[in-house]
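Q: This is the structure I have questions about; it appears just below.
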Amino acid sequence: MSTQTISLPETYEASRPFVEQLHQWVTTVDHKRLGLLYIFYALLFLVVGGIEATIMRIQLIRPLNTFVSPQVFNRMFTMHGTTMIFFVAMPLVFGFANYLLPLMIGARDMAFPRLNAFSFWMTAFGGFLLYFSFVGGDGLYGAGNAPDVGWFAYAPLTSQTFSPGHSTDFWTLSLLVSGFGSIGTAINIIATVVCLRCKGMTLGKMPLFAWLNLTMGGLVIMVVSPLTAAQLMLMVDRYLGGHFFDTQAGGSAVMWMHFFWVFGHPEVYVLVIPAFAFASEIIPVFSRKAIFGYPVMVAATVGIGFISMSVWAHHMFTVGMSSGANTFFVLSTMAVAVPTGIKIFNWLATMWGGQIHFTVPMLFCIAFLFQFLIAGLTGVMQAAAPFDWQLTASYFVVAHFHYVIVGGIIFASFGAFYYWFPKMSGRMYNERLGQLHFWLFLIGFHLTFDFMHVPGLLGMPRRIYTYEPGRGWDIWNLIVTIGVVFQGAGVLFFVANMLWSRFRGALAGRDPWDAWTLEWSTSSPPPDYNFARTPEVRSRRPLWDLKHPEDPDWHYE
Amino acid sequence: MQPSLMAAFLLAAPYLSPTNIFAPASTPAQSILDLSVFVLEVTGAIFVVVFALLAYAVVKYRKRRSGEGREPAQVYGSTQLELAWTVVPVLIVVVLFLAAARVIASIQNAPKPANAVEVTVIGHQFWWEYRYPSLKVVTANELHIPVSDPLHPTPTFLTLLSADTDHSFWVPRLAGKTDLIPNHPNSLWMDPHETGLFLGQCAQYCGTQHALMLLRVYVQTREEFDRWVREQSRPAQISGPVSEGQKIFERTSCINCHAVLGTSANGRFGPDLTHLMSRETIAAGAAPNTPANLRRWIQDPNTFKPGSKMPAMGLSDRELDEVTQYLETLR
Amino acid sequence: MSTPSVTIREDDLGWNLPARGPVAMYCVIGAEVAMFTIFVVAYIFYIGKSATGPQPRDVLHVPIFLTICLLSSSMTIHFAVRFLRSGRMASFGVWWLLTIALGLIFLLGTLREWRELIAEGLTIQTNLFGTTYYSLVGLHAFHVTVGLLALTTVLIFTLRGDVGKQHTERTEVLSMYWHFVDVVWIVVFTLVYIIGR
């Protein structure tokens, strides 16, 4: 066995004209640049979606408020939901997957770089189309034709009869287009993980990040098409006189719900499984221990993927399914909590006996653990269908899913930002700004979403632009709105941190965290080609093996 | 939670909010509450245990100065632990599942007794139509049902239909919510144990004025309910010659949407107005039923409910006064 | 200068992972199966539910000939790929052309069938049967069209002499799509013309 040392040239950016740099970004097929494009895109829409939420919260700060009209409010909750799911959370997870997967598996790029670029631009165009709705159609007067049918667009509200303008069409077409982008990315992820792993990296030796994103890719393949199908049917109804969901002609509104939620429920697992992936990489490094129970984590994730496709009608407990059907979905929904709980225990066990470093990424991941636990438990509550007959369509379920998406996914994503920022930019972020971001966002999150459960328990439905005084909801809505200020402040500090650190942060070097997966073996940022020579690995933590030649992982795996 | 604390909370519940799900006044709501308390106890216990373990780990295993330079022992897994924290959650799931399944059956498959009051509820954008087929009553927005003695129950069974989009009937203190979906009839029952006014509102986004599609359920004693039924099933009691207001009402397109039993007005698109004055609110609860509000509503419904399906009729001030006076006679 | 150390083993064991083309095509097929499943479920749900208008048994004629054509095209494309693998370009071209012709017959036959159905009063607007029938069969026909466009593109390249046996794997991936389209037809045919009638 011979050891060769390869010298890598430093990558340097000669200052080139702005137009040339812009052209390079727009025509890139490099997974790292596309990953960054996805992430910037997501951040931009995070701010936009946040503004939409803020408008709603101002309107709801007190009963019978007149900050915005009902028409504008209804557009706000529709756009907020659609934006956050499809143009923030999905691009975010795709962006990190794109950037990190080839680096983690020792590959030069994703399997299909041009498909990668195509997928990104499809997604981007979808977002543009959705927001064009504000000015399209009737123009700015009356805020155009922005969708106002809710992010799940129930029939027959979306029929021509009840939505005669183009709001539904903007919703349908923008998601149809970005859906093709999502499928393209999923194909790329699967082909990359299956076909491009470096030598020695069997499926059982690849980072959990790769396993979880592979599962996410499989889910996308299977569940985005049902949404596409349902949307094609909706277009047939609206423009070709079809009757798929035309209740006047014997069509079924419930069928739309089934088709939508067959997509909609696994979709949230598409979003949360990559968040699990972030936690599974960050928690071990800052506990200074290998992830506990790797094979079980893989099995649990794949199990979650499969079971999650059998729970969809728990969104439909009140539509009048038979008691047999309701009972089945209670069972499947509660069943999916088991592998999810197993994962929480494994993360706990990873930290147990370790040496926990409270870096900013770790702070976000610890908060993720506590918050995801709570979110999962409020989910179990709603899995008990009769309880759900009170809780669904109220602010309780709104609080629950924001707990999952913000408290779980966004927190884990912030952790990922801080963890991989040094790799992506070559510089360390500012620690103090990072801490400020964390604590402000934590306080704001809990102010808003802890207390949001209460109006739900007190009978406040969702999607209402105002409410009567005397229901006991006033004080809770006020507190919920106040939390927005802290969250906004936290995000501002985050953006400031990213910007400041990009230009003024200390140089990070290759491996600032003393971590163990292959991305930390390249320079920061990595060269265009990632690896001069494709690496070869013998265990799940190749850098641990290099750093601890006397006690490598492959003795124990 | 200690039983006394729980009891105190549940007793106080109705005063915290008139739509508090923890203040049931009817069997379905009570069954749901009993299940909810059990589920909360189980999930609460899980929360306390796991939270404590997480908090403990975060504190006990934080990096100390003394640990500098050495990595802790690397532990890769433990089959026993994995088994333990798989089996225990599975058992918990089985228990919760069985508890839920029982309540689903008891509520959904409850037989309808012969003495049940039957009401057909038709959801509209943005108001509620109530028909009592066997009692020959047609009304809107304010539902009257008799109180039910737990020992000799007289429940009310609602058949839920929709004339347009999806709606949902949610009066938290009386029952869980059930949707009104066109072409998909649903059923909901309740047997309130106390008289009074119970509030709720539509809980499935149905369009612009979903927020002000409010529910008011008046639970009355049997005598009061029977009297109400008698009054509601009579045609409009109009004494004397046809008023100017009635003439305006009938020649303007009011009668295209509204019905007044005993007159030529027979529209079904909007609420039945035969006994409009027997209702405490107008516009599905959006405003109290006063002459001033009524007049303002007819002048321009967008004052109370922007986006309501009733158009501004463009009546002159005099016409508005006349029509309001006419409607005031519809007791 | 950054200098990471990478250990290179001299005893280079074979490291064979699947080729990315077929993996990607399996994913595409998976996504398409999911989409067709939804249309099939809608079709099944609405069987017998059309209150008015033509019913399936009134207007549907079982397209045996068209089905034979389409399914045979699976056979012809299989032979074509075999010939490509052994470098027999002329035979490849002939069987490839045959595949396109059979597919085209299927498409044109479907259009003719639709013309007759419209004349008999069945459109996508007529009733639930019309909506679900045209959508499902139309979705399939759309996929046949896309396939034919791809096949024709390869034909053009072949006629120009740009295709050789080194393109076998890519052509095989394309033929996987074509086989998928045929399998979908078997399902649609059985559902629409046999079960649902």
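Labeling convention for the structure tokens: chains A, B, ... as they appear, residues from 1 per chain, ligands from 1 in order of appearance.
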Would you kindly return, as a list of chain:residue names, each protein, DNA or RNA residue with an atom no farther than 6 Å from any atom of B:Asp272, considering only C-alpha atoms and excluding same-chain residues fewer than 4 positions away?
A: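 Residues near the query, excluding close chain neighbours: B:Thr139, B:His258, B:Ala259.
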Q: How would the residues just chosen look if you wrote them out with N, CA and C atoms as a PDB file, in the first residue's frame?
A:
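Printed below is selection_2.pdb as written:
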ATOM      1  N   THR B 139     -85.653  27.603   8.353  1.00  0.00           N
ATOM      2  CA  THR B 139     -85.118  28.828   8.925  1.00  0.00           C
ATOM      3  C   THR B 139     -83.637  28.939   8.565  1.00  0.00           C
ATOM      4  N   HIS B 258     -84.787  35.376  -1.635  1.00  0.00           N
ATOM      5  CA  HIS B 258     -85.369  35.175  -0.309  1.00  0.00           C
ATOM      6  C   HIS B 258     -86.782  34.678  -0.383  1.00  0.00           C
ATOM      7  N   ALA B 259     -87.188  33.945   0.666  1.00  0.00           N
ATOM      8  CA  ALA B 259     -88.556  33.439   0.764  1.00  0.00           C
ATOM      9  C   ALA B 259     -89.227  34.019   1.990  1.00  0.00           C
TER      10      ALA B 259
END
Q: Just want the 10 Å neighbourhood of A:Tyr131, counted on only C-alpha atoms, with same-chain residues fewer than 5 positions away dropped. Output as an MDAnalysis selection string.
A: chainID A and resid 79 83 125:126 136 145:147 170:171 174
Q: Let's have the selection written as a PDB file, in the first residue's frame, with N, CA and C atoms.
A:
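Result file is result_0.pdb:
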ATOM      1  N   MET A  79     -50.876  32.371  -0.181  1.00  0.00           N
ATOM      2  CA  MET A  79     -49.533  32.593  -0.698  1.00  0.00           C
ATOM      3  C   MET A  79     -48.475  32.211   0.331  1.00  0.00           C
ATOM      4  N   THR A  83     -45.924  29.459  -0.702  1.00  0.00           N
ATOM      5  CA  THR A  83     -44.539  29.921  -0.799  1.00  0.00           C
ATOM      6  C   THR A  83     -43.633  29.139   0.135  1.00  0.00           C
ATOM      7  N   PHE A 125     -38.727  29.318 -11.939  1.00  0.00           N
ATOM      8  CA  PHE A 125     -39.784  29.880 -12.772  1.00  0.00           C
ATOM      9  C   PHE A 125     -41.138  29.691 -12.118  1.00  0.00           C
ATOM     10  N   GLY A 126     -41.326  28.555 -11.471  1.00  0.00           N
ATOM     11  CA  GLY A 126     -42.592  28.328 -10.768  1.00  0.00           C
ATOM     12  C   GLY A 126     -42.850  29.417  -9.730  1.00  0.00           C
ATOM     13  N   GLY A 136     -50.517  39.977 -12.487  1.00  0.00           N
ATOM     14  CA  GLY A 136     -51.169  39.453 -13.688  1.00  0.00           C
ATOM     15  C   GLY A 136     -52.674  39.589 -13.606  1.00  0.00           C
ATOM     16  N   ASN A 145     -54.502  38.684  -9.148  1.00  0.00           N
ATOM     17  CA  ASN A 145     -55.181  37.401  -9.059  1.00  0.00           C
ATOM     18  C   ASN A 145     -54.406  36.418  -8.226  1.00  0.00           C
ATOM     19  N   ALA A 146     -53.758  36.906  -7.186  1.00  0.00           N
ATOM     20  CA  ALA A 146     -52.980  35.976  -6.374  1.00  0.00           C
ATOM     21  C   ALA A 146     -53.906  34.900  -5.829  1.00  0.00           C
ATOM     22  N   PRO A 147     -53.430  33.653  -5.763  1.00  0.00           N
ATOM     23  CA  PRO A 147     -54.282  32.572  -5.288  1.00  0.00           C
ATOM     24  C   PRO A 147     -54.871  32.874  -3.914  1.00  0.00           C
ATOM     25  N   PHE A 170     -53.013  30.328 -11.450  1.00  0.00           N
ATOM     26  CA  PHE A 170     -51.641  30.640 -11.056  1.00  0.00           C
ATOM     27  C   PHE A 170     -51.127  29.616 -10.053  1.00  0.00           C
ATOM     28  N   TRP A 171     -52.005  29.249  -9.107  1.00  0.00           N
ATOM     29  CA  TRP A 171     -51.607  28.240  -8.128  1.00  0.00           C
ATOM     30  C   TRP A 171     -51.255  26.932  -8.823  1.00  0.00           C
ATOM     31  N   SER A 174     -48.069  27.228 -11.400  1.00  0.00           N
ATOM     32  CA  SER A 174     -46.752  27.427 -10.792  1.00  0.00           C
ATOM     33  C   SER A 174     -46.292  26.149 -10.100  1.00  0.00           C
TER      34      SER A 174
END
Q: Among the residues of stretch 90-317 of chain B, find those DSSP assigns to strand (DSSP E) from the backbone and print them as a count of residues only.
A: 58
Q: Tell me which of A:Val398, A:Val48, A:Val19, A:Leu543 sits closest to A:Pro461, counting only C-alpha atoms.
A: A:Val398
Q: Just the residues within 8 Å of stretch 182-198 of chain A, please, counting only C-alpha atoms, with nothing from its chain fewer than 3 positions along; format it as a ChimeraX atom specification.
A: /A:94,97-98,101-102,105-107,110-112,115-116,118-120,123,178-179,201-202,210,213-214,216-218,220-221,224,534-537 /C:17-20,23-24,27-28,31
Q: Keeping only N, CA and C atoms, write the selected residues as a tab-separated table (two decimals), in the first residue's frame.
A:
chain	number	residue	atom	x	y	z
A	94	PHE	N	-33.38	20.86	-1.25
A	94	PHE	CA	-32.72	20.51	-2.51
A	94	PHE	C	-31.35	21.18	-2.61
A	97	ALA	N	-28.90	19.37	-0.39
A	97	ALA	CA	-28.63	18.05	-0.97
A	97	ALA	C	-27.68	18.20	-2.16
A	98	ASN	N	-27.99	19.16	-3.02
A	98	ASN	CA	-27.15	19.37	-4.18
A	98	ASN	C	-25.72	19.70	-3.81
A	101	LEU	N	-24.20	16.38	-1.29
A	101	LEU	CA	-24.16	14.94	-1.60
A	101	LEU	C	-22.90	14.52	-2.37
A	102	PRO	N	-22.57	15.18	-3.49
A	102	PRO	CA	-21.37	14.72	-4.19
A	102	PRO	C	-20.13	14.80	-3.31
A	105	ILE	N	-20.03	11.86	-0.81
A	105	ILE	CA	-19.84	10.51	-1.32
A	105	ILE	C	-18.61	10.42	-2.20
A	106	GLY	N	-17.83	11.49	-2.24
A	106	GLY	CA	-16.59	11.43	-2.99
A	106	GLY	C	-16.76	11.51	-4.49
A	107	ALA	N	-17.77	12.24	-4.95
A	107	ALA	CA	-18.01	12.34	-6.39
A	107	ALA	C	-17.67	13.74	-6.89
A	110	MET	N	-23.14	15.94	-9.36
A	110	MET	CA	-24.32	15.09	-9.35
A	110	MET	C	-24.33	14.25	-10.63
A	111	ALA	N	-25.22	13.26	-10.68
A	111	ALA	CA	-25.23	12.34	-11.82
A	111	ALA	C	-25.58	13.04	-13.12
A	112	PHE	N	-26.46	14.03	-13.05
A	112	PHE	CA	-26.92	14.69	-14.28
A	112	PHE	C	-26.86	16.20	-14.10
A	115	LEU	N	-29.47	18.29	-16.06
A	115	LEU	CA	-30.80	18.11	-15.50
A	115	LEU	C	-30.92	18.90	-14.20
A	116	ASN	N	-29.83	18.95	-13.45
A	116	ASN	CA	-29.79	19.70	-12.21
A	116	ASN	C	-30.12	21.17	-12.46
A	118	PHE	N	-31.56	22.46	-15.09
A	118	PHE	CA	-32.93	22.55	-15.60
A	118	PHE	C	-33.93	22.51	-14.44
A	119	SER	N	-33.71	21.60	-13.50
A	119	SER	CA	-34.64	21.49	-12.38
A	119	SER	C	-34.67	22.76	-11.56
A	120	PHE	N	-33.49	23.34	-11.31
A	120	PHE	CA	-33.48	24.57	-10.53
A	120	PHE	C	-34.26	25.66	-11.23
A	123	THR	N	-37.99	25.22	-11.01
A	123	THR	CA	-38.49	25.62	-9.69
A	123	THR	C	-38.54	27.14	-9.59
A	178	SER	N	-42.99	23.80	-11.02
A	178	SER	CA	-41.95	23.51	-10.03
A	178	SER	C	-41.97	22.03	-9.66
A	179	GLY	N	-43.11	21.38	-9.82
A	179	GLY	CA	-43.18	19.94	-9.57
A	179	GLY	C	-42.25	19.17	-10.50
A	201	MET	N	-17.29	2.89	-0.49
A	201	MET	CA	-18.45	3.43	0.20
A	201	MET	C	-19.68	2.62	-0.21
A	202	THR	N	-19.85	1.50	0.49
A	202	THR	CA	-21.06	0.74	0.24
A	202	THR	C	-22.24	1.52	0.80
A	210	ALA	N	-26.68	11.00	3.24
A	210	ALA	CA	-26.94	10.42	1.93
A	210	ALA	C	-28.15	9.50	1.97
A	213	ASN	N	-31.38	11.62	2.29
A	213	ASN	CA	-31.76	12.30	1.06
A	213	ASN	C	-32.18	11.33	-0.03
A	214	LEU	N	-31.61	10.12	0.00
A	214	LEU	CA	-32.05	9.09	-0.94
A	214	LEU	C	-33.52	8.76	-0.68
A	216	MET	N	-35.69	10.71	0.79
A	216	MET	CA	-36.47	11.88	0.38
A	216	MET	C	-36.69	11.85	-1.13
A	217	GLY	N	-35.64	11.52	-1.88
A	217	GLY	CA	-35.77	11.46	-3.34
A	217	GLY	C	-36.81	10.44	-3.76
A	218	GLY	N	-36.77	9.27	-3.13
A	218	GLY	CA	-37.76	8.25	-3.46
A	218	GLY	C	-39.17	8.73	-3.19
A	220	VAL	N	-40.23	11.85	-3.18
A	220	VAL	CA	-40.62	12.85	-4.17
A	220	VAL	C	-41.08	12.18	-5.45
A	221	ILE	N	-40.33	11.17	-5.89
A	221	ILE	CA	-40.70	10.46	-7.12
A	221	ILE	C	-42.12	9.94	-7.01
A	224	VAL	N	-45.04	13.44	-5.83
A	224	VAL	CA	-45.29	14.70	-6.52
A	224	VAL	C	-46.18	14.46	-7.73
A	534	THR	N	-10.33	10.67	-6.76
A	534	THR	CA	-11.51	10.19	-6.05
A	534	THR	C	-11.08	9.45	-4.79
A	535	PRO	N	-11.64	9.80	-3.65
A	535	PRO	CA	-11.21	9.16	-2.41
A	535	PRO	C	-11.65	7.70	-2.36
A	536	GLU	N	-11.08	7.02	-1.38
A	536	GLU	CA	-11.50	5.65	-1.10
A	536	GLU	C	-11.71	5.55	0.40
A	537	VAL	N	-12.77	4.90	0.81
A	537	VAL	CA	-13.09	4.89	2.23
A	537	VAL	C	-13.23	3.46	2.73
C	17	LEU	N	-20.84	0.07	-9.61
C	17	LEU	CA	-22.15	0.58	-9.23
C	17	LEU	C	-23.02	0.61	-10.47
C	18	PRO	N	-24.34	0.62	-10.28
C	18	PRO	CA	-25.22	0.63	-11.45
C	18	PRO	C	-24.96	1.86	-12.33
C	19	ALA	N	-25.29	1.72	-13.60
C	19	ALA	CA	-25.15	2.85	-14.52
C	19	ALA	C	-26.27	3.85	-14.27
C	20	ARG	N	-25.96	5.12	-14.46
C	20	ARG	CA	-26.94	6.14	-14.05
C	20	ARG	C	-28.12	6.24	-15.00
C	23	VAL	N	-30.90	3.79	-13.97
C	23	VAL	CA	-31.44	4.20	-12.66
C	23	VAL	C	-32.39	5.38	-12.85
C	24	ALA	N	-31.95	6.37	-13.64
C	24	ALA	CA	-32.79	7.54	-13.86
C	24	ALA	C	-34.09	7.16	-14.54
C	27	CYS	N	-36.53	5.75	-12.23
C	27	CYS	CA	-37.16	6.81	-11.44
C	27	CYS	C	-38.26	7.49	-12.25
C	28	VAL	N	-37.96	7.79	-13.52
C	28	VAL	CA	-38.98	8.42	-14.37
C	28	VAL	C	-40.20	7.52	-14.45
C	31	ALA	N	-42.23	7.69	-11.30
C	31	ALA	CA	-43.05	8.89	-11.20
C	31	ALA	C	-44.25	8.80	-12.13
Q: With only C-alpha atoms as the counted atoms, please give the residues lying no more than 8 Å from B:Thr19, apart from itself and same-chain residues fewer than 3 positions off, as a PyMOL selection string.
A: (chain A and resi 458-460+471) or (chain B and resi 14+23+171-173+198-200)
Q: Mind dumping the selected residues with N, CA and C atoms as a compact mmCIF listing (two decimals), in the first residue's frame?
A:
# COMPACT_ATOMS: atom_id res chain seq x y z
N LEU A 458 -59.56 26.69 22.29
CA LEU A 458 -60.71 27.49 22.68
C LEU A 458 -61.65 27.73 21.49
N GLY A 459 -61.48 26.98 20.42
CA GLY A 459 -62.48 27.00 19.36
C GLY A 459 -62.22 27.93 18.19
N MET A 460 -60.99 28.44 18.04
CA MET A 460 -60.73 29.37 16.94
C MET A 460 -60.34 28.59 15.68
N ARG A 471 -64.68 35.65 22.66
CA ARG A 471 -64.46 34.20 22.53
C ARG A 471 -63.32 33.76 23.42
N PRO B 14 -65.77 26.59 30.89
CA PRO B 14 -66.79 27.35 30.15
C PRO B 14 -66.62 28.85 30.28
N ALA B 23 -65.01 22.16 27.63
CA ALA B 23 -66.24 22.43 28.39
C ALA B 23 -67.41 21.77 27.69
N VAL B 171 -69.45 23.44 16.60
CA VAL B 171 -69.84 24.05 17.86
C VAL B 171 -69.12 23.24 18.93
N PRO B 172 -67.95 23.73 19.37
CA PRO B 172 -67.04 22.88 20.16
C PRO B 172 -67.67 22.27 21.41
N ARG B 173 -68.56 23.01 22.06
CA ARG B 173 -69.07 22.46 23.31
C ARG B 173 -70.11 21.36 23.09
N PHE B 198 -75.17 28.22 22.44
CA PHE B 198 -73.86 27.67 22.16
C PHE B 198 -73.33 28.24 20.85
N LEU B 199 -72.08 28.68 20.90
CA LEU B 199 -71.51 29.36 19.74
C LEU B 199 -70.56 28.46 18.97
N GLY B 200 -70.36 28.81 17.72
CA GLY B 200 -69.40 28.10 16.90
C GLY B 200 -69.26 28.85 15.59
Q: Can you tell me which residues surround C:Gly138 at a distance of at most 10 Å, considering only C-alpha atoms, apart from same-chain residues fewer than 5 positions away, and format the answer as a list of chain:residue names?
A: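 Here the answer would be C:Thr110, C:Leu111, C:Trp114, C:Thr132, C:Tyr133, C:His143, C:Val144.
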Q: What would the file look like if the residues just selected were written as a PDB file, in the first residue's frame with N, CA and C atoms?
A:
ATOM      1  N   THR C 110     -56.131   5.807 -32.537  1.00  0.00           N
ATOM      2  CA  THR C 110     -56.797   6.393 -31.365  1.00  0.00           C
ATOM      3  C   THR C 110     -57.540   7.658 -31.766  1.00  0.00           C
ATOM      4  N   LEU C 111     -56.888   8.494 -32.560  1.00  0.00           N
ATOM      5  CA  LEU C 111     -57.542   9.737 -32.979  1.00  0.00           C
ATOM      6  C   LEU C 111     -58.812   9.433 -33.755  1.00  0.00           C
ATOM      7  N   TRP C 114     -61.511   8.463 -31.446  1.00  0.00           N
ATOM      8  CA  TRP C 114     -62.066   9.624 -30.754  1.00  0.00           C
ATOM      9  C   TRP C 114     -63.032  10.387 -31.654  1.00  0.00           C
ATOM     10  N   THR C 132     -63.311  11.075 -17.615  1.00  0.00           N
ATOM     11  CA  THR C 132     -62.246  10.162 -17.187  1.00  0.00           C
ATOM     12  C   THR C 132     -61.667   9.376 -18.360  1.00  0.00           C
ATOM     13  N   TYR C 133     -62.507   9.039 -19.332  1.00  0.00           N
ATOM     14  CA  TYR C 133     -62.010   8.266 -20.484  1.00  0.00           C
ATOM     15  C   TYR C 133     -61.006   9.060 -21.292  1.00  0.00           C
ATOM     16  N   HIS C 143     -48.164  10.297 -23.844  1.00  0.00           N
ATOM     17  CA  HIS C 143     -46.883   9.644 -23.575  1.00  0.00           C
ATOM     18  C   HIS C 143     -46.391   8.876 -24.785  1.00  0.00           C
ATOM     19  N   VAL C 144     -47.319   8.300 -25.562  1.00  0.00           N
ATOM     20  CA  VAL C 144     -46.923   7.648 -26.817  1.00  0.00           C
ATOM     21  C   VAL C 144     -46.315   8.682 -27.753  1.00  0.00           C
TER      22      VAL C 144
END
Q: Give me the residues within 7 Å of C:Thr168 as a PDB file with N, CA and C atoms, in the first residue's frame, counting only C-alpha atoms and dropping any in the same chain fewer than 3 places off.
A:
ATOM      1  N   VAL C  81     -32.879  -3.067 -30.598  1.00  0.00           N
ATOM      2  CA  VAL C  81     -31.774  -2.858 -29.651  1.00  0.00           C
ATOM      3  C   VAL C  81     -30.772  -4.021 -29.739  1.00  0.00           C
ATOM      4  N   LEU C  84     -28.620  -3.411 -32.584  1.00  0.00           N
ATOM      5  CA  LEU C  84     -27.690  -2.316 -32.316  1.00  0.00           C
ATOM      6  C   LEU C  84     -26.524  -2.813 -31.488  1.00  0.00           C
ATOM      7  N   ARG C  85     -26.829  -3.668 -30.517  1.00  0.00           N
ATOM      8  CA  ARG C  85     -25.773  -4.156 -29.642  1.00  0.00           C
ATOM      9  C   ARG C  85     -24.712  -4.905 -30.433  1.00  0.00           C
ATOM     10  N   LYS C 165     -22.858   1.269 -32.299  1.00  0.00           N
ATOM     11  CA  LYS C 165     -23.166   0.336 -31.208  1.00  0.00           C
ATOM     12  C   LYS C 165     -22.730   0.879 -29.861  1.00  0.00           C
ATOM     13  N   THR C 171     -29.799   3.816 -25.978  1.00  0.00           N
ATOM     14  CA  THR C 171     -30.972   3.373 -26.726  1.00  0.00           C
ATOM     15  C   THR C 171     -31.785   2.398 -25.893  1.00  0.00           C
ATOM     16  N   GLU C 172     -31.083   1.591 -25.117  1.00  0.00           N
ATOM     17  CA  GLU C 172     -31.788   0.649 -24.255  1.00  0.00           C
ATOM     18  C   GLU C 172     -32.638   1.401 -23.225  1.00  0.00           C
TER      19      GLU C 172
END
Q: Go through B:Gly285, B:Gly262, B:Gly245, B:Pro271 one by one, measure the shortest atom-to-atom distance of each to chain A using only C-alpha atoms, and give the residue with the smallest value.
A: B:Gly285
